[in-house]
$ cat data03.cif   # mmCIF, C-alpha atoms
data_protein
#
loop_
_atom_site.label_atom_id
_atom_site.label_comp_id
_atom_site.auth_asym_id
_atom_site.auth_seq_id
_atom_site.Cartn_x
_atom_site.Cartn_y
_atom_site.Cartn_z
CA MET A 1144 -53.95 99.06 60.34
CA LYS A 1145 -57.24 100.78 59.50
CA ARG A 1146 -57.11 103.46 56.84
CA LYS A 1147 -58.57 106.89 57.61
CA THR A 1148 -58.42 106.02 61.30
CA ILE A 1149 -56.63 108.13 63.92
CA ASP A 1150 -55.93 107.08 67.50
CA ILE A 1151 -55.89 109.94 70.03
CA ILE A 1152 -54.28 109.18 73.40
CA THR A 1153 -54.79 111.64 76.26
CA LEU A 1154 -52.51 111.77 79.29
CA GLY A 1155 -52.75 114.00 82.35
CA CYS A 1156 -55.62 116.17 83.49
CA SER A 1157 -59.18 116.77 82.36
CA LYS A 1158 -58.09 120.08 80.77
CA ASN A 1159 -56.02 118.02 78.32
CA LEU A 1160 -59.03 115.78 77.74
CA VAL A 1161 -61.11 118.78 76.61
CA ASP A 1162 -58.39 119.72 74.08
CA SER A 1163 -58.40 116.15 72.74
CA GLU A 1164 -62.18 116.19 72.40
CA HIS A 1165 -62.09 119.41 70.36
CA LEU A 1166 -59.37 117.94 68.12
CA MET A 1167 -61.33 114.71 67.67
CA ARG A 1168 -64.40 116.63 66.50
CA GLN A 1169 -62.30 118.47 63.91
CA LEU A 1170 -60.71 115.22 62.71
CA GLU A 1171 -64.12 113.59 62.32
CA GLU A 1172 -65.31 116.57 60.29
CA ALA A 1173 -62.24 116.04 58.11
CA GLY A 1174 -63.43 112.52 57.34
CA TYR A 1175 -61.43 110.40 59.81
CA HIS A 1176 -62.67 107.67 62.12
CA VAL A 1177 -61.23 108.56 65.54
CA THR A 1178 -60.62 106.26 68.51
CA HIS A 1179 -59.58 107.38 71.99
CA ASP A 1180 -57.09 105.83 74.44
CA THR A 1181 -56.56 102.59 72.55
CA GLU A 1182 -54.25 100.00 74.13
CA LYS A 1183 -52.27 99.73 70.89
CA PRO A 1184 -52.43 101.49 67.51
CA GLU A 1185 -55.48 100.65 65.43
CA GLY A 1186 -55.23 103.27 62.71
CA GLU A 1187 -52.60 104.57 60.37
CA ILE A 1188 -52.08 107.74 62.45
CA ALA A 1189 -51.72 108.34 66.21
CA GLY A 1190 -51.70 111.57 68.20
CA ILE A 1191 -50.53 111.66 71.82
CA ASN A 1192 -51.66 114.55 74.04
CA THR A 1193 -48.99 114.67 76.75
CA CYS A 1194 -48.74 115.87 80.36
CA GLY A 1195 -45.65 117.63 81.72
CA PHE A 1196 -46.74 118.60 85.24
CA ILE A 1197 -44.53 116.48 87.53
CA GLY A 1198 -41.89 113.79 87.16
CA ASP A 1199 -44.24 110.79 87.15
CA ALA A 1200 -46.50 112.39 84.54
CA LYS A 1201 -43.55 113.26 82.30
CA GLU A 1202 -42.26 109.70 82.59
CA GLU A 1203 -45.66 108.29 81.62
CA SER A 1204 -45.81 110.60 78.60
CA ILE A 1205 -42.30 109.66 77.44
CA ASN A 1206 -43.04 105.95 77.82
CA MET A 1207 -46.24 106.29 75.80
CA ILE A 1208 -44.43 108.16 73.00
CA LEU A 1209 -41.69 105.49 72.91
CA GLU A 1210 -44.26 102.70 72.82
CA PHE A 1211 -45.99 104.21 69.78
CA ALA A 1212 -42.63 105.09 68.19
CA GLN A 1213 -41.73 101.42 68.37
CA ALA A 1214 -45.07 100.49 66.79
CA LYS A 1215 -44.23 102.87 63.95
CA GLU A 1216 -40.80 101.27 63.49
CA GLU A 1217 -42.45 97.85 63.34
CA GLY A 1218 -44.83 99.02 60.62
CA ASP A 1219 -48.01 99.12 62.75
CA LEU A 1220 -48.33 102.86 62.36
CA GLU A 1221 -47.61 105.29 59.53
CA LYS A 1222 -47.65 108.69 61.24
CA LEU A 1223 -47.06 109.71 64.87
CA TYR A 1224 -47.80 113.19 66.22
CA VAL A 1225 -47.28 114.52 69.75
CA MET A 1226 -48.92 117.56 71.37
CA GLY A 1227 -49.72 118.90 74.85
CA CYS A 1228 -47.83 120.16 77.89
CA LEU A 1229 -44.70 118.01 77.71
CA SER A 1230 -44.33 118.86 74.03
CA GLU A 1231 -44.89 122.56 74.75
CA ARG A 1232 -42.10 122.54 77.31
CA TYR A 1233 -39.48 120.33 75.67
CA LEU A 1234 -40.32 120.57 71.98
CA LYS A 1235 -36.77 120.96 70.63
CA GLU A 1236 -35.25 118.32 72.91
CA LEU A 1237 -37.97 115.78 72.15
CA ALA A 1238 -37.63 116.27 68.40
CA ILE A 1239 -33.94 115.39 68.68
CA GLU A 1240 -34.37 112.50 71.15
CA ILE A 1241 -37.34 110.78 69.45
CA PRO A 1242 -36.97 111.28 65.68
CA GLN A 1243 -39.63 108.64 64.95
CA VAL A 1244 -42.26 111.29 65.78
CA ASP A 1245 -43.34 113.03 62.59
CA LYS A 1246 -44.00 116.33 64.34
CA PHE A 1247 -44.27 117.79 67.84
CA TYR A 1248 -46.82 120.50 68.61
CA GLY A 1249 -47.21 122.63 71.72
CA LYS A 1250 -50.29 122.83 73.88
CA PHE A 1251 -52.04 125.49 71.84
CA ASN A 1252 -51.01 125.00 68.20
CA TRP A 1253 -52.57 121.58 67.60
CA VAL A 1254 -54.62 123.20 64.79
CA GLU A 1255 -51.43 122.84 62.73
CA LEU A 1256 -51.85 119.06 62.95
CA LEU A 1257 -54.95 119.38 60.78
CA GLN A 1258 -53.06 121.53 58.29
CA ASP A 1259 -50.22 118.99 58.17
CA LEU A 1260 -52.78 116.33 57.32
CA GLY A 1261 -53.99 118.57 54.49
CA LYS A 1262 -57.25 119.38 56.27
CA ALA A 1263 -58.89 122.67 57.20
CA TYR A 1264 -59.79 123.81 60.70
CA HIS A 1265 -63.53 124.49 60.86
CA GLU A 1266 -63.95 127.64 62.94
CA GLU A 1267 -67.73 127.21 63.03
CA LEU A 1268 -67.20 124.03 65.11
CA HIS A 1269 -64.97 125.65 67.73
CA ILE A 1270 -67.37 124.88 70.62
CA GLU A 1271 -68.13 121.35 69.42
CA ARG A 1272 -66.49 118.26 70.87
CA THR A 1273 -66.50 114.50 70.51
CA LEU A 1274 -67.10 113.43 74.10
CA THR A 1275 -64.88 110.69 75.49
CA THR A 1276 -66.80 110.67 78.78
CA PRO A 1277 -70.19 108.99 79.20
CA ARG A 1278 -72.63 111.21 77.29
CA HIS A 1279 -74.38 112.50 80.44
CA TYR A 1280 -71.41 114.44 81.81
CA ALA A 1281 -68.65 116.63 80.41
CA TYR A 1282 -65.74 118.77 81.53
CA LEU A 1283 -66.14 122.48 80.85
CA LYS A 1284 -62.88 124.45 80.62
CA ILE A 1285 -63.43 128.15 81.34
CA SER A 1286 -59.85 129.45 81.13
CA GLU A 1287 -56.26 128.59 80.29
CA GLY A 1288 -53.02 129.36 82.08
CA CYS A 1289 -52.32 130.75 85.53
CA ASP A 1290 -51.03 134.03 86.98
CA ARG A 1291 -50.10 132.49 90.34
CA LYS A 1292 -46.42 131.97 90.98
CA CYS A 1293 -46.36 129.06 93.42
CA SER A 1294 -42.77 128.02 94.06
CA TYR A 1295 -43.09 124.40 92.94
CA CYS A 1296 -45.41 124.72 89.94
CA ALA A 1297 -44.34 124.61 86.31
CA ILE A 1298 -47.82 125.15 84.89
CA PRO A 1299 -47.48 128.93 84.36
CA ILE A 1300 -44.20 128.20 82.53
CA ILE A 1301 -45.99 125.71 80.27
CA THR A 1302 -49.38 127.36 79.74
CA GLY A 1303 -48.58 131.06 80.19
CA LYS A 1304 -50.71 133.75 81.78
CA HIS A 1305 -54.33 133.29 82.77
CA VAL A 1306 -56.71 133.74 79.81
CA SER A 1307 -60.46 133.61 80.49
CA ARG A 1308 -62.87 132.44 77.82
CA PRO A 1309 -65.65 134.91 77.01
CA MET A 1310 -68.76 134.14 79.04
CA GLU A 1311 -71.07 133.97 76.02
CA GLU A 1312 -68.80 131.45 74.31
CA ILE A 1313 -68.86 129.24 77.43
CA LEU A 1314 -72.66 129.46 77.59
CA ASP A 1315 -72.92 128.55 73.90
CA GLU A 1316 -70.81 125.47 74.60
CA VAL A 1317 -73.01 124.53 77.56
CA ARG A 1318 -76.14 124.79 75.39
CA TYR A 1319 -74.46 122.72 72.66
CA LEU A 1320 -73.45 120.00 75.15
CA VAL A 1321 -76.93 119.92 76.70
CA SER A 1322 -78.32 119.34 73.19
CA LYS A 1323 -76.04 116.28 73.00
CA GLY A 1324 -77.42 114.84 76.24
CA VAL A 1325 -75.03 116.28 78.84
CA LYS A 1326 -76.70 116.85 82.22
CA GLU A 1327 -73.70 117.29 84.51
CA PHE A 1328 -70.85 119.78 84.08
CA GLN A 1329 -67.46 119.59 85.78
CA VAL A 1330 -66.29 123.21 85.55
CA ILE A 1331 -62.49 123.23 85.34
CA ALA A 1332 -59.59 125.65 85.10
CA GLN A 1333 -56.08 125.83 86.44
CA GLU A 1334 -57.40 128.54 88.76
CA LEU A 1335 -61.20 128.94 88.79
CA THR A 1336 -61.43 131.93 91.12
CA TYR A 1337 -59.42 134.18 88.79
CA TYR A 1338 -61.99 133.77 86.04
CA GLY A 1339 -62.91 137.08 84.41
CA VAL A 1340 -60.20 139.29 85.91
CA ASP A 1341 -58.40 139.63 82.57
CA LEU A 1342 -61.54 140.07 80.44
CA TYR A 1343 -63.91 141.92 82.74
CA LYS A 1344 -61.50 143.46 85.29
CA LYS A 1345 -63.11 141.62 88.20
CA GLN A 1346 -63.74 138.09 89.43
CA MET A 1347 -66.73 136.80 87.49
CA LEU A 1348 -66.95 133.15 88.58
CA PRO A 1349 -70.15 133.67 90.65
CA GLU A 1350 -71.95 135.31 87.72
CA LEU A 1351 -70.72 132.67 85.27
CA ILE A 1352 -71.91 129.79 87.45
CA GLU A 1353 -75.23 131.52 88.02
CA ARG A 1354 -75.75 131.92 84.27
CA ILE A 1355 -74.76 128.30 83.54
CA SER A 1356 -77.25 127.18 86.20
CA GLU A 1357 -80.02 128.99 84.27
CA VAL A 1358 -79.48 126.97 81.07
CA PRO A 1359 -82.38 124.50 80.69
CA GLY A 1360 -81.18 120.90 81.01
CA VAL A 1361 -78.21 121.61 83.31
CA GLU A 1362 -78.85 119.34 86.29
CA TRP A 1363 -75.52 119.44 88.13
CA ILE A 1364 -72.58 121.87 88.13
CA ARG A 1365 -69.44 120.93 90.04
CA LEU A 1366 -66.44 123.21 90.62
CA HIS A 1367 -62.80 122.17 90.36
CA TYR A 1368 -59.46 123.77 91.21
CA ALA A 1369 -60.12 126.91 93.22
CA TYR A 1370 -57.40 128.93 94.95
CA PRO A 1371 -57.76 129.98 98.60
CA ALA A 1372 -56.41 133.56 98.40
CA HIS A 1373 -58.98 136.23 97.43
CA PHE A 1374 -61.80 133.71 97.15
CA PRO A 1375 -64.95 135.28 95.54
CA MET A 1376 -67.32 135.17 98.50
CA ASP A 1377 -70.46 135.74 96.38
CA LEU A 1378 -69.99 132.20 95.12
CA PHE A 1379 -71.32 130.99 98.50
CA ARG A 1380 -74.67 132.65 97.74
CA VAL A 1381 -74.83 131.04 94.29
CA MET A 1382 -74.06 127.58 95.70
CA ARG A 1383 -76.67 128.06 98.41
CA GLU A 1384 -79.44 129.41 96.17
CA ARG A 1385 -79.05 127.30 93.04
CA PRO A 1386 -80.13 123.67 93.52
CA ASN A 1387 -78.24 122.50 90.42
CA VAL A 1388 -74.91 123.87 91.73
CA CYS A 1389 -73.46 120.93 93.66
CA ARG A 1390 -72.41 121.51 97.26
CA TYR A 1391 -68.87 120.57 96.33
CA MET A 1392 -65.63 122.50 96.05
CA ASP A 1393 -62.23 121.29 94.90
CA ILE A 1394 -59.74 123.72 96.45
CA ALA A 1395 -56.02 122.93 96.52
CA LEU A 1396 -54.53 124.09 99.83
CA GLN A 1397 -51.13 122.31 99.66
CA HIS A 1398 -50.10 123.00 103.28
CA ILE A 1399 -51.08 124.68 106.55
CA SER A 1400 -47.79 125.59 108.23
CA ASN A 1401 -47.12 129.32 107.84
CA PRO A 1402 -43.40 128.84 107.07
CA MET A 1403 -44.30 126.34 104.34
CA LEU A 1404 -47.08 128.49 102.87
CA GLU A 1405 -44.56 131.32 102.65
CA LYS A 1406 -41.88 129.14 101.06
CA MET A 1407 -44.48 127.82 98.60
CA ARG A 1408 -45.45 131.43 97.76
CA ARG A 1409 -49.12 130.70 98.31
CA HIS A 1410 -50.11 134.23 99.45
CA VAL A 1411 -52.39 132.86 102.17
CA THR A 1412 -51.84 132.18 105.87
CA GLN A 1413 -52.82 129.35 108.18
CA GLU A 1414 -55.36 131.60 109.90
CA GLU A 1415 -56.94 132.64 106.60
CA THR A 1416 -57.14 129.02 105.50
CA TYR A 1417 -58.95 127.87 108.63
CA HIS A 1418 -61.31 130.85 108.32
CA LEU A 1419 -62.11 130.05 104.69
CA ILE A 1420 -62.98 126.43 105.53
CA GLU A 1421 -65.20 127.68 108.35
CA GLN A 1422 -66.91 130.09 105.92
CA PHE A 1423 -67.55 127.32 103.39
CA ARG A 1424 -69.28 125.15 105.96
CA LYS A 1425 -71.22 128.01 107.50
CA GLU A 1426 -72.40 129.59 104.22
CA VAL A 1427 -73.11 126.35 102.31
CA PRO A 1428 -74.48 123.79 104.78
CA GLY A 1429 -73.60 120.23 103.80
CA ILE A 1430 -70.81 121.23 101.40
CA HIS A 1431 -68.19 118.58 100.67
CA LEU A 1432 -64.63 119.86 100.33
CA ARG A 1433 -61.91 118.19 98.27
CA THR A 1434 -58.34 119.37 98.66
CA THR A 1435 -54.83 118.51 97.55
CA LEU A 1436 -51.85 118.57 99.91
CA MET A 1437 -48.11 118.38 99.26
CA VAL A 1438 -45.39 116.82 101.40
CA GLY A 1439 -41.63 117.09 101.09
CA HIS A 1440 -41.37 120.64 99.72
CA PRO A 1441 -37.89 122.01 100.42
CA GLY A 1442 -37.67 123.23 103.99
CA GLU A 1443 -40.53 121.10 105.34
CA THR A 1444 -39.53 120.15 108.89
CA GLU A 1445 -41.00 117.46 111.10
CA ALA A 1446 -42.80 120.25 112.97
CA ASP A 1447 -44.33 121.51 109.70
CA PHE A 1448 -45.47 118.01 108.86
CA GLU A 1449 -46.99 117.52 112.32
CA GLU A 1450 -48.99 120.72 111.74
CA LEU A 1451 -50.19 119.34 108.43
CA LYS A 1452 -51.37 116.10 110.05
CA GLU A 1453 -53.16 118.05 112.79
CA PHE A 1454 -54.80 120.19 110.09
CA LEU A 1455 -56.07 117.08 108.33
CA ARG A 1456 -57.55 115.74 111.57
CA LYS A 1457 -59.20 119.08 112.41
CA ALA A 1458 -60.48 120.06 108.97
CA ARG A 1459 -61.81 116.56 108.19
CA PHE A 1460 -61.93 117.00 104.44
CA ASP A 1461 -64.51 114.91 102.66
CA ARG A 1462 -62.04 114.18 99.84
CA MET A 1463 -58.27 114.55 99.86
CA GLY A 1464 -55.46 113.83 97.43
CA ALA A 1465 -51.77 114.28 98.20
CA PHE A 1466 -48.46 114.07 96.39
CA THR A 1467 -44.76 114.41 97.07
CA TYR A 1468 -42.73 117.40 95.95
CA SER A 1469 -41.01 116.98 92.60
CA GLU A 1470 -38.41 119.54 91.58
CA GLU A 1471 -39.39 121.13 88.27
CA GLU A 1472 -36.82 123.07 86.28
CA GLY A 1473 -37.57 126.71 85.75
CA THR A 1474 -39.64 127.04 88.92
CA TYR A 1475 -38.83 129.36 91.82
CA ALA A 1476 -38.19 126.36 94.09
CA ALA A 1477 -35.72 124.78 91.67
CA ALA A 1478 -33.80 128.06 91.44
CA HIS A 1479 -33.83 129.04 95.12
CA TYR A 1480 -34.21 125.91 97.27
CA GLU A 1481 -32.33 122.65 97.64
CA ASP A 1482 -34.46 119.53 97.24
CA GLU A 1483 -32.94 118.16 100.43
CA ILE A 1484 -35.64 115.84 101.77
CA PRO A 1485 -34.92 112.18 100.86
CA GLN A 1486 -37.52 110.47 98.68
CA GLU A 1487 -38.13 107.79 101.30
CA VAL A 1488 -39.01 110.49 103.86
CA LYS A 1489 -41.37 112.15 101.36
CA GLN A 1490 -43.04 108.81 100.67
CA ALA A 1491 -43.38 107.97 104.37
CA ARG A 1492 -45.06 111.34 104.98
CA LEU A 1493 -47.38 110.80 102.05
CA ASP A 1494 -48.34 107.33 103.31
CA GLU A 1495 -49.02 108.73 106.78
CA LEU A 1496 -51.29 111.47 105.41
CA MET A 1497 -53.23 109.02 103.25
CA SER A 1498 -53.68 106.69 106.22
CA ILE A 1499 -55.18 109.49 108.32
CA GLN A 1500 -57.51 110.44 105.48
CA GLN A 1501 -58.59 106.83 104.97
CA GLY A 1502 -59.89 106.73 108.53
CA ILE A 1503 -61.71 110.04 108.10
CA SER A 1504 -63.23 108.90 104.79
CA ALA A 1505 -64.45 105.63 106.36
CA GLU A 1506 -66.18 107.54 109.17
CA GLN A 1507 -67.79 109.99 106.77
CA SER A 1508 -69.01 107.23 104.48
CA ALA A 1509 -70.49 105.35 107.45
CA ALA A 1510 -72.35 108.51 108.50
CA LYS A 1511 -74.26 108.44 105.21
CA VAL A 1512 -75.81 105.01 105.92
CA GLY A 1513 -79.56 105.50 106.25
CA GLN A 1514 -79.63 108.69 104.17
CA CYS A 1515 -81.50 109.02 100.87
CA LEU A 1516 -79.38 110.73 98.20
CA LYS A 1517 -79.84 111.75 94.58
CA VAL A 1518 -77.56 109.56 92.46
CA ILE A 1519 -76.62 109.65 88.78
CA ILE A 1520 -75.85 106.27 87.17
CA ASP A 1521 -72.54 106.19 85.26
CA ARG A 1522 -72.28 102.56 84.16
CA LEU A 1523 -73.12 98.90 84.75
CA GLU A 1524 -70.16 96.87 85.98
CA GLY A 1525 -70.56 93.19 86.80
CA ASP A 1526 -73.52 92.81 89.16
CA TYR A 1527 -73.63 96.48 90.13
CA TYR A 1528 -74.82 99.77 88.72
CA ILE A 1529 -72.18 102.37 89.57
CA GLY A 1530 -73.35 105.89 90.37
CA ARG A 1531 -72.33 109.10 92.15
CA THR A 1532 -73.92 111.66 94.44
CA GLU A 1533 -73.60 115.44 94.01
CA PHE A 1534 -70.61 115.17 96.38
CA ASP A 1535 -68.61 112.97 94.02
CA SER A 1536 -66.70 113.90 90.90
CA PRO A 1537 -66.00 111.23 88.25
CA GLU A 1538 -62.74 109.25 88.40
CA VAL A 1539 -61.44 110.71 91.68
CA ASP A 1540 -64.22 110.41 94.29
CA PRO A 1541 -66.23 107.61 95.94
CA GLU A 1542 -69.03 105.86 94.06
CA VAL A 1543 -72.39 104.37 94.96
CA LEU A 1544 -72.82 100.68 94.14
CA ILE A 1545 -76.38 99.44 93.54
CA GLU A 1546 -76.91 95.70 93.11
CA GLN A 1547 -78.51 95.01 89.74
CA GLY A 1548 -81.03 92.41 90.88
CA LYS A 1549 -84.20 92.54 88.74
CA GLN A 1550 -84.32 96.31 88.42
CA LYS A 1551 -83.16 97.98 85.23
CA LEU A 1552 -81.62 101.42 85.72
CA LEU A 1553 -80.83 103.77 82.84
CA ILE A 1554 -77.28 105.04 82.42
CA GLY A 1555 -77.25 108.83 82.82
CA ASN A 1556 -80.51 108.97 84.77
CA PHE A 1557 -80.97 110.22 88.33
CA TYR A 1558 -82.49 108.09 91.09
CA GLN A 1559 -83.26 108.49 94.78
CA VAL A 1560 -81.08 105.94 96.54
CA GLU A 1561 -81.10 104.81 100.16
CA ILE A 1562 -77.57 104.19 101.44
CA ILE A 1563 -77.57 100.78 103.15
CA ASN A 1564 -73.84 100.15 103.72
CA SER A 1565 -70.36 101.64 103.26
CA ASP A 1566 -66.68 100.80 103.23
CA ASP A 1567 -63.61 103.06 103.53
CA PHE A 1568 -64.53 104.98 100.41
CA ASP A 1569 -67.59 103.70 98.54
CA LEU A 1570 -71.28 103.52 99.43
CA PHE A 1571 -73.82 100.76 98.77
CA GLY A 1572 -77.44 101.59 98.10
CA ARG A 1573 -80.86 100.61 96.80
CA VAL A 1574 -83.23 102.62 94.67
CA ILE A 1575 -86.35 103.76 96.49
#
$ encode --input "data03.cif" --output "structure tokens"
Amino acid sequence: MKRKTIDIITLGCSKNLVDSEHLMRQLEEAGYHVTHDTEKPEGEIAGINTCGFIGDAKEESINMILEFAQAKEEGDLEKLYVMGCLSERYLKELAIEIPQVDKFYGKFNWVELLQDLGKAYHEELHIERTLTTPRHYAYLKISEGCDRKCSYCAIPIITGKHVSRPMEEILDEVRYLVSKGVKEFQVIAQELTYYGVDLYKKQMLPELIERISEVPGVEWIRLHYAYPAHFPMDLFRVMRERPNVCRYMDIALQHISNPMLEKMRRHVTQEETYHLIEQFRKEVPGIHLRTTLMVGHPGETEADFEELKEFLRKARFDRMGAFTYSEEEGTYAAAHYEDEIPQEVKQARLDELMSIQQGISAEQSAAKVGQCLKVIIDRLEGDYYIGRTEFDSPEVDPEVLIEQGKQKLLIGNFYQVEIINSDDFDLFGRVI
């Protein structure tokens, strides 16, 4: 057990990761050595930043807390703190069920952790972070919370109403991160397109992205988690005109059947969805679209699912993730619908969707063979440098593998790469 060492463990989404990075910077200022995502406790104190989005994520968070609680009981840890979404939602119950935890904090009051350690929060460092990603890219959170009321989603219950960060504060953080070597920004929010409505009384995402793109040193900007209803169309112009705004959009669509979209309370129709996809591809030539789809929501019939499969075949998304419906207490769906679809049916539908997408992904990867693409190098792994194109976000999207050979590539640098081969998901290339 290392004295003055704190282990921070982050579970869930990249928005949680940003919170952990801010906390880590404050802890380092307070004189601690901080590690991130250790396999087992190294220091005298551990802090777990939990996820509470769906059943699997909650289970992972609980298991991690129990694992560290056991380490504390065995004398490998002196103090254990828990924060984040799961803690925000079930704070009282968790405190009773897992008494080994010294204190539970919600998602937004982790500053108290510093106070409980007898340390001060340094307001002047509020935009500073200790990056846990490779130093050339970072996640940039532009808002908290969500005003949407999708039937299945517990996030508004956990995080509250949408709160945009002031634009100047975001730009200050971008400039700070660029000074630390960051070249690529993954812009994230629970709902990107709503940015600015609360602060400026109108959607301000296009202007924000335009201003970020003007900061010297920003090479790539990639956008995550847009909502299809009331999409800010001026963003198309920004993506088209600004070469450092990646032709990439992560937009969760969830379903295509009108009855399901209505049951999910998505406030968008099948026709509007198809039109939006058409607009993306017309206004931003070469754009790559990532989406998320859900199967097994209460009321989903075989006919609804057939429509979803047909949608996947027609839309031919460049990237697609999918998950099965999980009933979340407090949501509209939990209160008004019966979770009547058996888990094995949900899983079979999920497997079928992923199989369709695998074929589409293989075809789209093969179509890139022979092209020359700008690639950023993330790491060296075995005999290969691993990189990404502008169409690929870290962790979730395909990668470009470049055989090491005699050439030495620099991590975080950009190279022109000829694509010479592909498999179902990844590309293989050589620097030219």
$ atom_distance --input "data03.cif" --atom1 "CA of Leu1451 in chain A" --atom2 "CA of Leu1436 in chain A"
8.7 Å
$ closest_residue --input "data03.cif" --among "A:Ser1286, A:Thr1532, A:Asn1556, A:Gln1169" --to "Val1325 in chain A" --atoms "all atoms listed in the file"
A:Asn1556
$ residues_around --input "data03.cif" --residues "Arg1383 in chain A" --least-positions-apart "5" --cutoff "9 Å" --atoms "all atoms listed in the file" --output "list in words"
Leu1378, Val1388, Arg1390, Glu1426, Val1427 and Pro1428 of chain A
$ residues_near_point --input "data03.cif" --point "(-49.2, 123.5, 101.6)" --cutoff "6 Å" --atoms "only C-alpha atoms" --output "PyMOL selection string"
chain A and resi 1396-1399+1404+1436-1437
$ residues_around --input "data03.cif" --residues "Val1438 in chain A" --least-positions-apart "6" --cutoff "9 Å" --atoms "all atoms listed in the file" --output "PDB file with C-alpha atoms, keeping the file's coordinate frame"
ATOM      1  CA  GLN A1397     -51.130 122.310  99.660  1.00  0.00           C
ATOM      2  CA  HIS A1398     -50.100 123.000 103.280  1.00  0.00           C
ATOM      3  CA  PHE A1448     -45.470 118.010 108.860  1.00  0.00           C
ATOM      4  CA  LEU A1451     -50.190 119.340 108.430  1.00  0.00           C
ATOM      5  CA  ALA A1465     -51.770 114.280  98.200  1.00  0.00           C
ATOM      6  CA  PHE A1466     -48.460 114.070  96.390  1.00  0.00           C
ATOM      7  CA  THR A1467     -44.760 114.410  97.070  1.00  0.00           C
ATOM      8  CA  TYR A1468     -42.730 117.400  95.950  1.00  0.00           C
ATOM      9  CA  LYS A1489     -41.370 112.150 101.360  1.00  0.00           C
ATOM     10  CA  GLN A1490     -43.040 108.810 100.670  1.00  0.00           C
ATOM     11  CA  ARG A1492     -45.060 111.340 104.980  1.00  0.00           C
ATOM     12  CA  LEU A1493     -47.380 110.800 102.050  1.00  0.00           C
ATOM     13  CA  LEU A1496     -51.290 111.470 105.410  1.00  0.00           C
TER      14      LEU A1496
END
$ residues_around --input "data03.cif" --residues "Glu1334 in chain A" --least-positions-apart "4" --cutoff "9 Å" --atoms "only C-alpha atoms" --output "list in words"
Ser1286, Glu1287, Gly1288, Cys1289, Asp1290, Arg1291, His1305, Tyr1338, His1367, Tyr1368, Ala1369 and Tyr1370 of chain A
$ closest_residue --input "data03.cif" --among "A:Gly1198, A:Gly1473, A:Gly1339, A:Gly1155" --to "Cys1293 in chain A" --atoms "only C-alpha atoms"
A:Gly1473
$ residues_around --input "data03.cif" --residues "range 1359-1366 of chain A" --least-positions-apart "5" --cutoff "8 Å" --atoms "all atoms listed in the file" --output "PDB file with C-alpha atoms, keeping the file's coordinate frame"
ATOM      1  CA  VAL A1321     -76.930 119.920  76.700  1.00  0.00           C
ATOM      2  CA  VAL A1325     -75.030 116.280  78.840  1.00  0.00           C
ATOM      3  CA  LYS A1326     -76.700 116.850  82.220  1.00  0.00           C
ATOM      4  CA  GLU A1327     -73.700 117.290  84.510  1.00  0.00           C
ATOM      5  CA  PHE A1328     -70.850 119.780  84.080  1.00  0.00           C
ATOM      6  CA  GLN A1329     -67.460 119.590  85.780  1.00  0.00           C
ATOM      7  CA  VAL A1330     -66.290 123.210  85.550  1.00  0.00           C
ATOM      8  CA  ILE A1331     -62.490 123.230  85.340  1.00  0.00           C
ATOM      9  CA  LEU A1335     -61.200 128.940  88.790  1.00  0.00           C
ATOM     10  CA  ILE A1352     -71.910 129.790  87.450  1.00  0.00           C
ATOM     11  CA  ASN A1387     -78.240 122.500  90.420  1.00  0.00           C
ATOM     12  CA  VAL A1388     -74.910 123.870  91.730  1.00  0.00           C
ATOM     13  CA  CYS A1389     -73.460 120.930  93.660  1.00  0.00           C
ATOM     14  CA  ARG A1390     -72.410 121.510  97.260  1.00  0.00           C
ATOM     15  CA  TYR A1391     -68.870 120.570  96.330  1.00  0.00           C
ATOM     16  CA  MET A1392     -65.630 122.500  96.050  1.00  0.00           C
ATOM     17  CA  ASP A1393     -62.230 121.290  94.900  1.00  0.00           C
ATOM     18  CA  GLU A1533     -73.600 115.440  94.010  1.00  0.00           C
ATOM     19  CA  SER A1536     -66.700 113.900  90.900  1.00  0.00           C
TER      20      SER A1536
END
$ resolve_selection --input "data03.cif" --expression "the PyMOL selection byres ((chain A and resi 1197) around 9)" --output "list in words"
Cys1194, Gly1195, Phe1196, Gly1198, Asp1199, Ala1200, Lys1201, Glu1202, Cys1296, Ala1297, Tyr1468, Ser1469, Glu1470 and Glu1471 of chain A
$ write_last_selection --input "data03.cif" --atoms "C-alpha atoms" --output "PDB file, in the coordinates of the input"
ATOM      1  CA  CYS A1194     -48.740 115.870  80.360  1.00  0.00           C
ATOM      2  CA  GLY A1195     -45.650 117.630  81.720  1.00  0.00           C
ATOM      3  CA  PHE A1196     -46.740 118.600  85.240  1.00  0.00           C
ATOM      4  CA  GLY A1198     -41.890 113.790  87.160  1.00  0.00           C
ATOM      5  CA  ASP A1199     -44.240 110.790  87.150  1.00  0.00           C
ATOM      6  CA  ALA A1200     -46.500 112.390  84.540  1.00  0.00           C
ATOM      7  CA  LYS A1201     -43.550 113.260  82.300  1.00  0.00           C
ATOM      8  CA  GLU A1202     -42.260 109.700  82.590  1.00  0.00           C
ATOM      9  CA  CYS A1296     -45.410 124.720  89.940  1.00  0.00           C
ATOM     10  CA  ALA A1297     -44.340 124.610  86.310  1.00  0.00           C
ATOM     11  CA  TYR A1468     -42.730 117.400  95.950  1.00  0.00           C
ATOM     12  CA  SER A1469     -41.010 116.980  92.600  1.00  0.00           C
ATOM     13  CA  GLU A1470     -38.410 119.540  91.580  1.00  0.00           C
ATOM     14  CA  GLU A1471     -39.390 121.130  88.270  1.00  0.00           C
TER      15      GLU A1471
END
$ closest_residue --input "data03.cif" --among "A:Asp1447, A:Glu1350, A:Glu1538, A:Glu1231" --to "Ile1298 in chain A" --atoms "only C-alpha atoms"
A:Glu1231
